[in-house]
>>> print(open('protein.cif').read())   # mmCIF, C-alpha atoms
data_my_file
loop_
_atom_site.label_atom_id
_atom_site.label_comp_id
_atom_site.auth_asym_id
_atom_site.auth_seq_id
_atom_site.Cartn_x
_atom_site.Cartn_y
_atom_site.Cartn_z
CA MET A 157 -56.05 26.71 -112.54
CA ARG A 158 -58.52 28.72 -110.50
CA VAL A 159 -58.14 32.44 -109.85
CA ASN A 160 -59.99 34.27 -107.09
CA VAL A 161 -60.08 38.02 -107.49
CA THR A 162 -62.27 40.86 -106.26
CA VAL A 163 -63.54 42.85 -109.22
CA ASN A 164 -65.44 46.11 -108.76
CA GLY A 165 -66.07 45.17 -105.15
CA ALA A 166 -67.45 41.68 -105.82
CA PRO A 167 -65.50 38.46 -105.16
CA MET A 168 -65.22 36.50 -108.41
CA THR A 169 -63.77 33.16 -109.44
CA ALA A 170 -62.42 32.15 -112.82
CA ASP A 171 -61.86 28.47 -113.58
CA ASP A 172 -59.75 26.65 -116.16
CA VAL A 173 -57.39 29.61 -116.40
CA TRP A 174 -54.27 28.86 -118.47
CA PRO A 175 -51.16 29.85 -116.44
CA GLY A 176 -49.87 32.16 -119.18
CA GLU A 177 -53.20 33.95 -119.51
CA SER A 178 -53.46 37.66 -118.78
CA LEU A 179 -55.74 39.39 -116.32
CA LEU A 180 -57.23 41.15 -119.34
CA TYR A 181 -58.31 37.84 -120.89
CA VAL A 182 -59.82 36.71 -117.60
CA LEU A 183 -61.81 39.94 -117.26
CA ARG A 184 -63.09 39.96 -120.83
CA GLU A 185 -63.55 36.30 -121.65
CA ARG A 186 -64.20 34.61 -118.32
CA LEU A 187 -65.82 37.24 -116.11
CA GLY A 188 -67.96 39.02 -118.74
CA LEU A 189 -66.33 42.44 -118.29
CA PRO A 190 -65.37 43.66 -121.79
CA GLY A 191 -64.83 47.29 -120.76
CA ALA A 192 -61.04 47.04 -120.73
CA LYS A 193 -60.07 46.68 -124.38
CA ASN A 194 -57.64 44.24 -125.97
CA ALA A 195 -55.39 45.81 -128.57
CA CYS A 196 -51.59 45.71 -128.52
CA GLU A 197 -51.06 43.05 -125.80
CA GLN A 198 -47.67 44.60 -125.03
CA GLY A 199 -48.40 47.55 -122.79
CA GLU A 200 -48.00 50.12 -125.57
CA CYS A 201 -51.56 51.38 -126.00
CA GLY A 202 -53.16 51.62 -122.55
CA SER A 203 -56.56 50.42 -123.79
CA CYS A 204 -56.66 47.72 -121.12
CA THR A 205 -55.87 50.02 -118.17
CA VAL A 206 -57.50 48.89 -114.91
CA TYR A 207 -56.75 49.51 -111.26
CA LEU A 208 -54.92 46.65 -109.53
CA ASP A 209 -54.83 47.20 -105.77
CA GLY A 210 -55.45 50.90 -106.36
CA ARG A 211 -52.77 51.48 -109.02
CA PRO A 212 -53.50 51.78 -112.74
CA VAL A 213 -51.80 49.03 -114.74
CA CYS A 214 -52.03 47.42 -118.16
CA ALA A 215 -54.20 44.34 -117.56
CA CYS A 216 -52.58 42.63 -120.56
CA LEU A 217 -49.25 42.53 -118.68
CA VAL A 218 -50.61 41.09 -115.44
CA ALA A 219 -50.54 37.29 -115.42
CA ALA A 220 -53.95 36.06 -114.31
CA GLY A 221 -52.42 34.22 -111.36
CA GLN A 222 -50.82 37.45 -110.15
CA ALA A 223 -54.32 38.84 -109.55
CA GLU A 224 -55.08 36.07 -107.03
CA GLY A 225 -56.49 37.63 -103.88
CA ARG A 226 -56.11 41.16 -105.26
CA GLU A 227 -58.62 43.92 -105.95
CA VAL A 228 -59.35 45.02 -109.49
CA LEU A 229 -61.39 48.06 -110.47
CA THR A 230 -62.40 48.29 -114.12
CA VAL A 231 -64.15 51.04 -116.07
CA GLU A 232 -67.42 49.20 -115.38
CA GLY A 233 -66.94 49.82 -111.66
CA LEU A 234 -66.29 53.57 -111.70
CA ALA A 235 -69.88 54.86 -111.86
CA PRO A 236 -71.72 55.02 -108.54
CA GLY A 237 -74.80 53.19 -109.87
CA GLU A 238 -76.80 51.95 -112.83
CA GLY A 239 -77.55 54.75 -115.28
CA GLU A 240 -75.06 57.07 -113.61
CA LEU A 241 -71.62 58.23 -114.67
CA ASP A 242 -68.42 58.92 -112.82
CA PRO A 243 -67.50 62.63 -113.10
CA VAL A 244 -64.60 61.76 -115.42
CA GLN A 245 -66.96 59.83 -117.72
CA GLN A 246 -69.42 62.75 -117.62
CA ALA A 247 -66.67 65.16 -118.62
CA PHE A 248 -65.63 62.94 -121.55
CA VAL A 249 -69.25 62.95 -122.79
CA GLU A 250 -69.66 66.71 -122.43
CA CYS A 251 -66.34 67.58 -124.07
CA GLY A 252 -66.74 65.22 -127.02
CA ALA A 253 -63.61 63.37 -125.94
CA VAL A 254 -64.92 60.16 -127.51
CA GLN A 255 -64.89 59.29 -131.18
CA CYS A 256 -64.65 55.58 -132.06
CA GLY A 257 -64.52 54.87 -128.34
CA PHE A 258 -62.03 52.03 -128.35
CA CYS A 259 -59.37 53.80 -126.28
CA THR A 260 -61.94 55.49 -124.04
CA PRO A 261 -62.18 52.95 -121.19
CA GLY A 262 -58.41 52.95 -120.72
CA LEU A 263 -58.22 56.72 -120.89
CA ILE A 264 -61.10 57.09 -118.44
CA VAL A 265 -59.41 54.85 -115.87
CA GLN A 266 -56.01 56.50 -116.34
CA ALA A 267 -57.50 60.01 -116.18
CA HIS A 268 -59.51 58.94 -113.13
CA SER A 269 -56.27 58.00 -111.35
CA LEU A 270 -54.85 61.47 -112.05
CA ILE A 271 -57.95 63.33 -110.84
CA ALA A 272 -58.15 61.11 -107.75
CA ARG A 273 -54.72 62.19 -106.50
CA HIS A 274 -55.22 65.89 -107.28
CA ASP A 275 -57.18 68.49 -105.38
CA GLY A 276 -56.55 71.18 -107.96
CA VAL A 277 -56.26 71.25 -111.74
CA PRO A 278 -53.08 69.53 -112.94
CA ALA A 279 -50.82 71.44 -115.30
CA ASP A 280 -51.09 70.42 -118.95
CA ALA A 281 -47.61 68.91 -118.86
CA GLU A 282 -48.67 66.66 -116.00
CA ILE A 283 -51.86 65.59 -117.77
CA ARG A 284 -49.93 64.77 -120.92
CA GLU A 285 -47.31 62.83 -118.99
CA HIS A 286 -49.97 60.91 -117.09
CA LEU A 287 -51.81 59.93 -120.28
CA ALA A 288 -48.64 59.26 -122.31
CA GLY A 289 -49.25 55.51 -122.28
CA ASN A 290 -52.77 55.74 -123.70
CA LEU A 291 -53.01 55.97 -127.48
CA CYS A 292 -55.99 57.52 -129.29
CA ARG A 293 -56.00 57.55 -133.09
CA CYS A 294 -59.21 59.60 -133.53
CA THR A 295 -59.42 62.65 -131.33
CA GLY A 296 -56.00 64.22 -131.57
CA TYR A 297 -56.16 64.33 -127.76
CA GLU A 298 -57.34 67.95 -127.50
CA LYS A 299 -60.88 67.05 -126.40
CA ILE A 300 -59.48 64.46 -124.03
CA LEU A 301 -57.32 67.13 -122.37
CA ASP A 302 -60.41 69.37 -122.21
CA ALA A 303 -62.32 66.59 -120.46
CA VAL A 304 -59.57 65.98 -117.91
CA ARG A 305 -59.33 69.71 -117.13
CA LEU A 306 -63.13 69.93 -116.80
CA ALA A 307 -63.30 66.98 -114.43
CA ALA A 308 -60.42 68.40 -112.38
CA ARG A 309 -62.02 71.87 -112.22
CA ARG A 310 -65.31 70.40 -111.04
CA LYS A 311 -63.60 68.35 -108.36
CA ALA A 312 -61.69 71.45 -107.24
CA GLY A 313 -65.01 73.29 -107.09
CA SER A 314 -63.99 76.17 -109.31
CA MET B 263 -47.09 25.80 -118.45
CA ASP B 264 -47.17 25.82 -114.66
CA PHE B 265 -47.83 28.78 -112.40
CA LEU B 266 -45.81 28.82 -109.19
CA ARG B 267 -46.84 31.34 -106.57
CA ALA B 268 -44.19 32.09 -103.97
CA THR B 269 -45.43 33.80 -100.82
CA THR B 270 -42.06 34.12 -99.05
CA TRP B 271 -38.50 34.56 -100.29
CA ALA B 272 -37.49 31.18 -98.81
CA GLU B 273 -40.33 29.53 -100.71
CA ALA B 274 -39.33 31.31 -103.92
CA LEU B 275 -35.76 29.98 -103.61
CA ARG B 276 -37.01 26.44 -103.01
CA MET B 277 -39.33 26.67 -106.00
CA LYS B 278 -36.53 27.96 -108.22
CA ALA B 279 -34.25 25.12 -107.00
CA ASP B 280 -36.93 22.55 -107.87
CA ARG B 281 -37.77 24.21 -111.16
CA PRO B 282 -34.69 25.96 -112.57
CA ASP B 283 -36.61 26.24 -115.86
CA ALA B 284 -39.21 28.54 -114.25
CA THR B 285 -39.18 32.16 -115.42
CA PRO B 286 -39.49 34.60 -112.52
CA ILE B 287 -42.15 37.27 -113.04
CA GLN B 288 -42.58 40.61 -111.27
CA GLY B 289 -44.30 43.39 -113.22
CA GLY B 290 -44.69 41.23 -116.31
CA THR B 291 -43.72 44.08 -118.60
CA ASP B 292 -41.24 41.85 -120.45
CA VAL B 293 -42.38 38.31 -119.59
CA MET B 294 -46.05 38.83 -120.49
CA VAL B 295 -45.20 40.51 -123.79
CA GLU B 296 -43.26 37.40 -124.79
CA ILE B 297 -46.17 35.14 -123.88
CA ASN B 298 -48.90 37.36 -125.38
CA LEU B 299 -47.08 37.69 -128.68
CA ASP B 300 -46.00 34.04 -128.63
CA LYS B 301 -42.31 34.93 -128.80
CA GLY B 302 -41.48 32.56 -125.98
CA ARG B 303 -43.27 30.02 -123.88
CA PRO B 304 -41.74 29.50 -120.42
CA LYS B 305 -42.14 26.04 -118.91
CA ALA B 306 -43.34 27.71 -115.74
CA LEU B 307 -43.91 31.17 -114.29
CA LEU B 308 -42.62 31.87 -110.81
CA ASP B 309 -44.69 34.76 -109.44
CA LEU B 310 -42.65 36.85 -107.01
CA THR B 311 -45.20 39.64 -106.49
CA PRO B 312 -46.65 38.09 -103.28
CA VAL B 313 -43.16 38.11 -101.67
CA THR B 314 -43.41 41.20 -99.51
CA GLU B 315 -39.72 41.06 -98.45
CA LEU B 316 -38.86 42.12 -102.00
CA THR B 317 -40.86 45.33 -101.96
CA GLU B 318 -38.62 47.08 -99.42
CA TRP B 319 -35.59 49.28 -99.91
CA SER B 320 -33.13 50.36 -97.25
CA ALA B 321 -30.11 52.62 -96.99
CA ASP B 322 -27.06 51.77 -94.93
CA SER B 323 -23.49 53.18 -94.96
CA GLY B 324 -24.02 55.04 -98.21
CA ILE B 325 -25.48 52.07 -100.10
CA VAL B 326 -29.14 51.74 -101.10
CA ARG B 327 -30.38 48.16 -101.27
CA ILE B 328 -33.37 48.07 -103.61
CA GLY B 329 -35.51 44.96 -103.27
CA ALA B 330 -36.39 43.13 -106.47
CA GLY B 331 -40.07 44.07 -106.13
CA VAL B 332 -39.62 47.87 -105.87
CA THR B 333 -41.34 49.49 -108.85
CA TYR B 334 -40.02 52.34 -110.99
CA THR B 335 -42.83 54.53 -109.62
CA ARG B 336 -41.37 54.08 -106.15
CA VAL B 337 -37.77 54.62 -107.28
CA ILE B 338 -38.90 57.96 -108.72
CA ALA B 339 -40.96 58.97 -105.67
CA GLU B 340 -38.68 57.69 -102.92
CA LEU B 341 -35.10 57.52 -104.19
CA ALA B 342 -34.61 60.58 -106.42
CA ASP B 343 -32.53 62.33 -103.74
CA ARG B 344 -30.17 59.42 -103.08
CA LEU B 345 -30.04 57.97 -106.61
CA PRO B 346 -30.81 60.79 -109.05
CA GLY B 347 -29.37 58.98 -112.08
CA LEU B 348 -31.49 55.89 -111.56
CA ALA B 349 -34.56 58.02 -110.81
CA GLN B 350 -34.08 59.99 -114.03
CA ALA B 351 -33.77 56.79 -116.03
CA SER B 352 -36.84 55.36 -114.27
CA ARG B 353 -38.89 58.39 -115.36
CA THR B 354 -38.21 57.49 -119.00
CA VAL B 355 -39.46 53.90 -118.65
CA GLY B 356 -42.65 53.22 -120.63
CA SER B 357 -45.70 54.98 -119.20
CA PRO B 358 -47.18 55.46 -115.72
CA GLN B 359 -48.93 52.09 -116.03
CA ILE B 360 -45.65 50.38 -116.91
CA ARG B 361 -43.74 52.18 -114.14
CA ASN B 362 -46.40 51.04 -111.65
CA ARG B 363 -45.44 47.44 -112.40
CA GLY B 364 -41.92 47.30 -113.79
CA THR B 365 -38.87 46.89 -111.54
CA VAL B 366 -35.13 47.51 -111.78
CA ALA B 367 -34.56 43.83 -110.95
CA GLY B 368 -36.84 42.88 -113.83
CA ASN B 369 -34.72 45.05 -116.12
CA LEU B 370 -31.67 43.14 -114.87
CA GLY B 371 -33.38 39.78 -115.33
CA ALA B 372 -34.34 40.60 -118.91
CA ALA B 373 -30.83 42.05 -119.53
CA SER B 374 -31.86 43.77 -122.73
CA PRO B 375 -29.05 46.07 -123.91
CA ALA B 376 -31.72 48.77 -124.22
CA GLY B 377 -32.95 48.55 -120.60
CA ASP B 378 -33.12 52.03 -119.07
CA SER B 379 -31.79 51.03 -115.64
CA HIS B 380 -28.47 49.76 -116.89
CA PRO B 381 -26.54 53.00 -117.65
CA PRO B 382 -27.09 54.54 -114.20
CA LEU B 383 -26.36 51.21 -112.48
CA LEU B 384 -23.07 50.95 -114.41
CA ALA B 385 -22.21 54.60 -113.80
CA SER B 386 -22.60 54.30 -110.04
CA GLY B 387 -21.03 50.86 -109.67
CA ALA B 388 -24.01 48.85 -108.50
CA ILE B 389 -23.85 45.27 -107.23
CA VAL B 390 -26.51 42.64 -107.94
CA GLU B 391 -27.47 40.45 -104.99
CA ALA B 392 -28.35 37.02 -106.39
CA GLU B 393 -29.49 34.17 -104.19
CA SER B 394 -30.18 30.46 -104.47
CA VAL B 395 -30.78 27.78 -101.87
CA GLY B 396 -26.96 27.44 -101.91
CA GLY B 397 -26.40 30.99 -100.71
CA ILE B 398 -25.95 34.61 -101.71
CA ARG B 399 -23.69 35.83 -104.52
CA MET B 400 -22.79 39.50 -104.95
CA ILE B 401 -22.22 40.21 -108.65
CA PRO B 402 -20.57 43.52 -109.66
CA ILE B 403 -22.72 45.15 -112.33
CA GLY B 404 -19.88 45.10 -114.86
CA ASP B 405 -19.83 41.28 -114.66
CA PHE B 406 -23.60 40.87 -114.73
CA TYR B 407 -24.36 41.40 -118.42
CA THR B 408 -22.95 38.50 -120.44
CA GLY B 409 -24.64 38.87 -123.84
CA VAL B 410 -27.74 40.10 -125.62
CA LYS B 411 -30.54 39.41 -123.13
CA ARG B 412 -28.19 37.17 -121.13
CA ASN B 413 -26.93 37.66 -117.60
CA ALA B 414 -24.67 36.01 -115.07
CA LEU B 415 -27.46 34.36 -113.03
CA ALA B 416 -27.01 30.62 -112.48
CA PRO B 417 -30.04 28.39 -113.17
CA GLY B 418 -31.16 28.19 -109.53
CA GLU B 419 -30.58 31.86 -108.74
CA LEU B 420 -33.02 34.73 -108.35
CA ILE B 421 -32.30 38.43 -108.03
CA ARG B 422 -32.95 39.44 -104.42
CA ALA B 423 -31.90 43.09 -104.64
CA VAL B 424 -29.57 45.55 -106.28
CA HIS B 425 -27.13 47.56 -104.16
CA VAL B 426 -26.50 51.07 -105.48
CA PRO B 427 -24.05 53.56 -103.92
CA GLU B 428 -25.71 56.84 -102.99
CA ARG B 429 -24.82 59.85 -105.10
CA ARG B 430 -21.38 61.35 -104.52
CA GLY B 431 -22.02 64.20 -106.90
CA PRO B 432 -24.19 65.13 -109.86
CA GLN B 433 -25.75 62.28 -111.86
CA TYR B 434 -27.50 62.51 -115.21
CA PHE B 435 -29.21 60.21 -117.69
CA SER B 436 -29.97 60.91 -121.32
CA LYS B 437 -31.90 58.80 -123.80
CA ILE B 438 -32.71 59.09 -127.48
CA GLY B 439 -36.18 58.04 -128.60
CA THR B 440 -38.80 58.98 -131.16
CA ARG B 441 -41.17 60.44 -128.59
CA ASN B 442 -41.23 61.31 -124.92
CA ALA B 443 -42.99 58.16 -123.72
CA MET B 444 -43.23 54.48 -124.50
CA VAL B 445 -39.92 54.29 -126.31
CA ILE B 446 -37.20 51.71 -126.28
CA ALA B 447 -33.94 53.62 -126.28
CA VAL B 448 -32.22 54.16 -129.62
CA CYS B 449 -29.26 54.68 -127.36
CA SER B 450 -28.77 56.08 -123.87
CA PHE B 451 -26.07 57.30 -121.53
CA GLY B 452 -25.64 57.66 -117.79
CA ILE B 453 -23.01 59.65 -115.90
CA ALA B 454 -22.18 59.84 -112.20
CA LEU B 455 -19.59 62.22 -110.79
CA ASP B 456 -17.74 61.48 -107.57
CA VAL B 457 -16.81 65.01 -106.63
CA ALA B 458 -14.58 64.20 -103.67
CA ALA B 459 -12.63 61.51 -105.51
CA ARG B 460 -12.61 63.53 -108.74
CA THR B 461 -13.71 60.52 -110.74
CA VAL B 462 -16.62 59.78 -113.05
CA GLY B 463 -18.68 56.68 -113.78
CA THR B 464 -20.29 56.01 -117.15
CA GLY B 465 -22.89 53.68 -118.61
CA ILE B 466 -23.80 53.18 -122.26
CA GLY B 467 -27.17 51.69 -123.24
CA SER B 468 -28.44 50.17 -126.46
CA ALA B 469 -25.17 50.63 -128.34
CA ALA B 470 -23.41 47.28 -127.86
CA PRO B 471 -24.45 43.64 -127.26
CA THR B 472 -24.60 44.47 -123.56
CA PRO B 473 -24.80 47.66 -121.55
CA ARG B 474 -21.21 48.74 -120.86
CA ARG B 475 -19.00 51.40 -119.32
CA ALA B 476 -16.63 53.67 -121.22
CA PRO B 477 -13.43 53.06 -119.19
CA GLU B 478 -11.13 55.21 -121.36
CA ALA B 479 -13.51 58.15 -121.08
CA GLU B 480 -13.59 57.69 -117.30
CA THR B 481 -9.78 57.61 -117.08
CA PHE B 482 -9.44 60.63 -119.36
CA LEU B 483 -11.80 62.71 -117.24
CA ALA B 484 -10.15 61.69 -113.96
CA GLU B 485 -6.81 62.82 -115.42
CA ASN B 486 -8.25 66.03 -116.88
CA TRP B 487 -10.58 67.16 -114.09
CA SER B 488 -11.32 70.70 -115.27
CA PRO B 489 -14.98 71.55 -114.72
CA GLY B 490 -16.60 73.39 -117.60
CA ASP B 491 -13.70 73.05 -120.06
CA PRO B 492 -15.43 72.55 -123.44
CA GLU B 493 -12.43 70.81 -124.98
CA VAL B 494 -12.40 68.23 -122.18
CA SER B 495 -16.15 67.67 -122.61
CA ARG B 496 -15.73 67.22 -126.36
CA ARG B 497 -12.93 64.66 -125.95
CA PHE B 498 -14.95 62.87 -123.26
CA GLY B 499 -17.83 62.56 -125.73
CA GLU B 500 -15.52 61.15 -128.39
CA LEU B 501 -14.14 58.54 -125.99
CA VAL B 502 -17.63 57.50 -124.88
CA ALA B 503 -18.68 57.06 -128.51
CA ALA B 504 -15.49 55.07 -129.18
CA ALA B 505 -16.41 52.65 -126.39
CA ALA B 506 -19.68 51.71 -128.08
CA ALA B 507 -20.16 48.93 -130.62
CA PRO B 508 -23.63 49.55 -132.02
CA ILE B 509 -25.40 47.90 -134.93
CA ASP B 510 -27.86 49.11 -137.56
CA ASP B 511 -31.37 48.07 -136.58
CA VAL B 512 -35.00 49.21 -136.82
CA ARG B 513 -34.53 51.89 -134.15
CA GLY B 514 -31.45 53.55 -135.56
CA SER B 515 -28.26 53.19 -137.54
CA ARG B 516 -24.81 52.45 -136.18
CA ASP B 517 -23.51 55.84 -137.29
CA TYR B 518 -26.39 57.72 -135.71
CA ARG B 519 -25.89 55.94 -132.40
CA VAL B 520 -22.16 56.70 -132.33
CA HIS B 521 -22.84 60.36 -133.08
CA ALA B 522 -25.69 60.61 -130.57
CA LEU B 523 -23.60 59.03 -127.81
CA ALA B 524 -20.86 61.62 -128.26
CA VAL B 525 -23.48 64.37 -128.01
CA MET B 526 -25.23 62.86 -124.97
CA ALA B 527 -21.94 62.27 -123.15
CA ARG B 528 -20.80 65.84 -123.80
CA ARG B 529 -24.14 67.32 -122.74
CA THR B 530 -24.64 65.22 -119.61
CA LEU B 531 -21.09 66.09 -118.54
CA GLY B 532 -21.96 69.75 -119.11
CA TRP B 533 -25.07 69.45 -116.95
CA ALA B 534 -23.05 67.69 -114.27
CA TRP B 535 -20.34 70.38 -114.27
CA GLU B 536 -23.01 73.06 -114.11
CA GLU B 537 -24.67 71.43 -111.10
CA HIS B 538 -21.25 70.96 -109.48
CA ARG B 539 -20.49 74.67 -110.00
CA ARG B 540 -23.86 75.75 -108.55
CA THR B 541 -23.65 73.54 -105.48
CA SER B 542 -19.98 73.80 -104.52
#
>>> encode(input="protein.cif", output="structure tokens")
Amino acid sequence: MRVNVTVNGAPMTADDVWPGESLLYVLRERLGLPGAKNACEQGECGSCTVYLDGRPVCACLVAAGQAEGREVLTVEGLAPGEGELDPVQQAFVECGAVQCGFCTPGLIVQAHSLIARHDGVPADAEIREHLAGNLCRCTGYEKILDAVRLAARRKAGS
Amino acid sequence: MDFLRATTWAEALRMKADRPDATPIQGGTDVMVEINLDKGRPKALLDLTPVTELTEWSADSGIVRIGAGVTYTRVIAELADRLPGLAQASRTVGSPQIRNRGTVAGNLGAASPAGDSHPPLLASGAIVEAESVGGIRMIPIGDFYTGVKRNALAPGELIRAVHVPERRGPQYFSKIGTRNAMVIAVCSFGIALDVAARTVGTGIGSAAPTPRRAPEAETFLAENWSPGDPEVSRRFGELVAAAAAPIDDVRGSRDYRVHALAVMARRTLGWAWEEHRRTS
């Protein structure tokens, strides 16, 4: 079947989609967007987190056909332009919140959704709760929390 | 596999009548896991997410009707005052990403004994609104769960909504898991006090083939309504544990579940009494 979906602002079409296929597979294998990562395929790890109509979701649990006519924003679409970084990405770089990097795209998108709805700096408990569905086996999370606090502080202008 | 995309509720019912073998899909948090991990291969998927009628909830005469497309995120944000037990349980579902997609109706469709919605729905006496092209059927929650991952839906039926009475007193939910997120319950318990009637509702999760109430514990408490009495709370816990029929599995042993249920029942009752004392 054919799926029409707007990804990172651009209308895209995927053909020969198998009805049981996930949005994640369509993004990675049919639309050339490998930013969202494929790991657990059961919503446990958060590596495939993307925005679907403005809400962060696990792309592995969205059937491709459910994305028909919807808007998807992936980690590739966060930065304002080529060679630039979104402030959350910049904070991850500066804080050393990346080690192997596999979980990073999912964490960036999920952290982005927290910063976007906050004008101030979220409490640690709220950051931890918001990132509870994103697993990282390298960093121990401390640098990731640093990065989220840094991005939030910069947005708050303090 | 076929992909059926319903855009209205009437169309969804027609599609389900034509293809009773189609698996309805909302948030995909159960259905897609089965497909991704090749545990099951539906003949067809019936996508209900375009059906906007399902994404509404309404409150009338003390009953909240939650459409089958209302996500856990919205239950938490919009219904915590009316349905505190269900909102508490919703907060323990998966992760923010899962709660942005998953629905109470999906929990009912999957009918896993470990589903987090079930204890508060049982405790407050919810009713499932099922519909087919033949008409609407209102199924009391106690009759809905028929076996492990089996429910009372007929082949042509879809869940339209779940009707949940608004709180009539304190409600609490407790769940045992290995961490604070992304856990399937080892076991869980929901309690709902009806302060005016001096009765209590209960719901046990993940400790029997289906979610179930603890009727003897409910009767005992109604007959021994003495807020804060530790001996009553202890006996209530024992009776809740006695109502369970758990098994040993990868998440926990039978004995642990029985013990944990007694503790959760006693504690949630304590929290409920405490709230009742503060607010009355």
>>> closest_residue(input="protein.cif", among="B:Pro427, B:Pro471, B:Gly368, B:Gly356", to="Gly290 (chain B)", atoms="only C-alpha atoms")
B:Gly368
>>> interface_residues(input="protein.cif", of="chain B", to="chain A", cutoff="8 Å", atoms="all atoms listed in the file", output="list of chain:residue names")
B:Met263, B:Asp264, B:Phe265, B:Arg267, B:Gly289, B:Gly290, B:Thr291, B:Met294, B:Val295, B:Ile297, B:Asn298, B:Leu299, B:Leu307, B:Asp309, B:Thr311, B:Gly356, B:Ser357, B:Pro358, B:Gln359, B:Ile360, B:Asn362, B:Arg363, B:Ala443, B:Met444
>>> atom_distance(input="protein.cif", atom1="CA of Thr461 (chain B)", atom2="CA of Gly490 (chain B)")
14.9 Å
>>> resolve_selection(input="protein.cif", expression="the PyMOL selection byres ((chain B and resi 322) around 12)", output="JSON list (two decimals) with C-alpha atoms, in the coordinates of the input")
[["chain", "number", "residue", "atom", "x", "y", "z"],
["B", 319, "TRP", "CA", -35.59, 49.28, -99.91],
["B", 320, "SER", "CA", -33.13, 50.36, -97.25],
["B", 321, "ALA", "CA", -30.11, 52.62, -96.99],
["B", 323, "SER", "CA", -23.49, 53.18, -94.96],
["B", 324, "GLY", "CA", -24.02, 55.04, -98.21],
["B", 325, "ILE", "CA", -25.48, 52.07, -100.10],
["B", 326, "VAL", "CA", -29.14, 51.74, -101.10],
["B", 327, "ARG", "CA", -30.38, 48.16, -101.27],
["B", 328, "ILE", "CA", -33.37, 48.07, -103.61],
["B", 344, "ARG", "CA", -30.17, 59.42, -103.08],
["B", 425, "HIS", "CA", -27.13, 47.56, -104.16],
["B", 426, "VAL", "CA", -26.50, 51.07, -105.48],
["B", 427, "PRO", "CA", -24.05, 53.56, -103.92],
["B", 428, "GLU", "CA", -25.71, 56.84, -102.99]]
>>> resolve_selection(input="protein.cif", expression="the PyMOL selection byres ((chain B and resi 521-525) around 9)", output="list of chain:residue names")
B:Ile438, B:Cys449, B:Ser450, B:Phe451, B:Ile466, B:Ala469, B:Arg496, B:Arg497, B:Phe498, B:Gly499, B:Glu500, B:Leu501, B:Val502, B:Ala503, B:Ala504, B:Ala506, B:Arg516, B:Asp517, B:Tyr518, B:Arg519, B:Val520, B:Met526, B:Ala527, B:Arg528, B:Arg529, B:Thr530
